[in-house]
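For reference, the structure discussed in these notes is given below.
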Amino acid sequence: MPKKIKLAKYAGFCYGVKRAVETAKKLKAENPNQNVFVLGELIHNAHVINELESLGIKTLYEIPTSGSGICVIRSHGESPEVIENIKKAGFTPVDLTCPDVKKVQQKAIELAKEGYFVVIVGKSEHPEVIAIKANARLWTDKVAVAANVEQLKEYENIIKNHKKVGVVVQTTQRIATLNEIISYLTAVAKEIHIANTICASTSMRQNEAKELAKNSGLMVVVGSKKSANTTHLAEILKDITKTIHIESAEELVNYESLILQNDNISVTAGASTPQNIIEEVIEQLEKY
């Protein structure tokens with residue numbers, strides 16, 4: 001019996017990622033004789049980073065003491081201090097922070113100014129969260145980052161004493177994680193202001209994938225293991241049906257027996273996964 005392979009509608013580049021990649025390429029095309037750098041990987045996808053390198057768009061992992069040309073602020077955003085250091089080093093910064101990430105930064109600043117203890121729901125080591133925290137800390141030192149309730153419990157006494165708590169969320173977080181943290185805070189804080197800043201693209205991608213998983217024997221999630229939204233997607237789907245997380249079609253050979261056992265397979269992909277990578281996975285699955 002031929003396999004039924006279904007591709008999610010909300011799979012691959014989101015608006016913010018597409019905008020960042022296309023603008024970076026355009027900057028180089030319009031300024032062929034200038035250096036074009038990106039501070040940190042533009043998106044969490046090795047295929048895209050390699051393509052940008054081939055076009056002459058180089059990745060910087062730290063700001064040099066001096067330099068020249070254009071330095072792109074990636075979609076995850078940066079702190080005002082980092083942007084100022086880019087200027088001091090001699091670069092022209094071009095800010096490609098995702099508009100949804102900008103909204104989280106602005107909301108965190110707003111809560112900090114209004115005297116709230118700011119809780120950022122997300123992974124402390126993620127560049128988006130680092131930038132949100134840095135922006136909030138311009139106005140207050142009462143900022144905590146927590147990816148789960150256990151991490152937030154470390155701040156319980158401070159929260160009880162502060163009474164007012166403002167919550168913002170990394171744009172690619174799971175709604176279940178936010179709900180768990182809100183439930184915990186309800187018992188320890190006197191006043192809570194919640195800003196559900198999970199972006200619409202993430203919500204739609206997760207909701208659609210969950211519906212597909214209910215009617216699929218196997219879910220294939222395509223995207224970088226470093227991508228927060230992709231790994232969250234795989235975590236959610238594993239609770240519903242058999243799920244594999246791969247970065248490219250070449251990895252499918254590792255799951256051959258699982259693929260052969262299932263006639264109803266659905267494919268989704270993270271927000272930083274290029275369309276050609278998704279197509280290669282579909283083509284490879286069809287060969288089975």
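By order in the structure tokens, chains are A, B, ...; within a chain, residues start at 1; ligands start at 1, following the order shown.
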Per DSSP on the backbone, what are the alpha helix (DSSP H) residues of range 36-67 of chain A, as a PyMOL selection string? chain A and resi 46-54
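Omitting range 251-259 of chain A and its sequence neighbours fewer than 5 positions away, and counting only C-alpha atoms, the residues within 10 Å are Lys3, Gly217, Leu218, Met219, Val220, Lys242, Thr243, Ile244, His245, Ile246, Asn264, Ile265, Val281, Gln284, Leu285 and Tyr288 of chain A.
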Any chance you can output those residues with N, CA and C atoms as a compact mmCIF listing (two decimals), in the first residue's frame?
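Result saved to part.txt:
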```
# COMPACT_ATOMS: atom_id res chain seq x y z
N LYS A 3 2.28 4.92 0.76
CA LYS A 3 2.23 5.71 1.98
C LYS A 3 1.47 7.03 1.73
N GLY A 217 0.49 8.04 12.17
CA GLY A 217 1.25 7.00 12.86
C GLY A 217 2.66 7.47 13.18
N LEU A 218 3.13 8.46 12.39
CA LEU A 218 4.48 8.99 12.59
C LEU A 218 4.52 10.46 12.20
N MET A 219 5.13 11.28 13.06
CA MET A 219 5.38 12.69 12.75
C MET A 219 6.87 12.88 12.51
N VAL A 220 7.19 13.59 11.45
CA VAL A 220 8.58 13.92 11.15
C VAL A 220 8.74 15.43 11.31
N LYS A 242 4.19 8.73 17.65
CA LYS A 242 5.62 8.51 17.39
C LYS A 242 6.15 9.71 16.61
N THR A 243 7.29 10.24 17.06
CA THR A 243 7.85 11.47 16.46
C THR A 243 9.36 11.35 16.32
N ILE A 244 9.86 11.76 15.16
CA ILE A 244 11.31 11.85 14.98
C ILE A 244 11.68 13.28 14.61
N HIS A 245 12.84 13.72 15.09
CA HIS A 245 13.33 15.07 14.81
C HIS A 245 14.62 14.95 14.03
N ILE A 246 14.60 15.42 12.80
CA ILE A 246 15.78 15.32 11.92
C ILE A 246 16.16 16.71 11.40
N ASN A 264 0.83 6.19 7.37
CA ASN A 264 0.27 7.53 7.48
C ASN A 264 1.28 8.43 8.21
N ILE A 265 2.02 9.21 7.42
CA ILE A 265 3.12 10.03 7.96
C ILE A 265 2.85 11.51 7.68
N VAL A 281 13.14 16.09 2.23
CA VAL A 281 12.63 15.10 3.20
C VAL A 281 11.39 14.42 2.63
N GLN A 284 12.39 12.00 -0.13
CA GLN A 284 13.01 10.79 0.41
C GLN A 284 11.96 9.87 1.04
N LEU A 285 11.00 10.45 1.72
CA LEU A 285 9.92 9.63 2.33
C LEU A 285 9.10 8.94 1.25
N TYR A 288 10.15 5.53 0.00
CA TYR A 288 9.85 4.35 0.80
C TYR A 288 8.51 3.73 0.39
```
For a quick check of understanding, using only C-alpha atoms, which of A:Ala228, A:Val221, A:Val104, A:Ala136 has the smallest distance to Arg174 in chain A? A:Ala228
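You will find CA of Phe37 in chain A at 26.1 Å from CA of Ser248 in chain A.
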Would you mind listing what lies within 8 Å of Asn135 in chain A as a compact mmCIF listing (two decimals) with N, CA and C atoms, in the first residue's frame, with only C-alpha atoms counted and same-chain residues fewer than 6 positions away left out?
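The result, stored in out_15.txt:
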```
# COMPACT_ATOMS: atom_id res chain seq x y z
N SER A 79 20.91 43.52 22.99
CA SER A 79 20.74 44.58 23.99
C SER A 79 21.19 45.92 23.40
N PRO A 80 20.67 47.04 23.92
CA PRO A 80 21.13 48.36 23.44
C PRO A 80 22.64 48.52 23.61
N GLN A 105 10.51 42.58 23.99
CA GLN A 105 11.47 43.48 24.61
C GLN A 105 10.77 44.72 25.17
N ALA A 108 8.64 43.90 28.24
CA ALA A 108 9.49 43.69 29.42
C ALA A 108 9.95 45.03 29.99
N ILE A 109 10.32 45.97 29.12
CA ILE A 109 10.73 47.31 29.55
C ILE A 109 9.57 48.02 30.24
```
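Nearest to Asn157 in chain A of all the residues A:Val121, A:Ile236, A:Ala189, A:Arg137 is A:Ala189, counting only C-alpha atoms.
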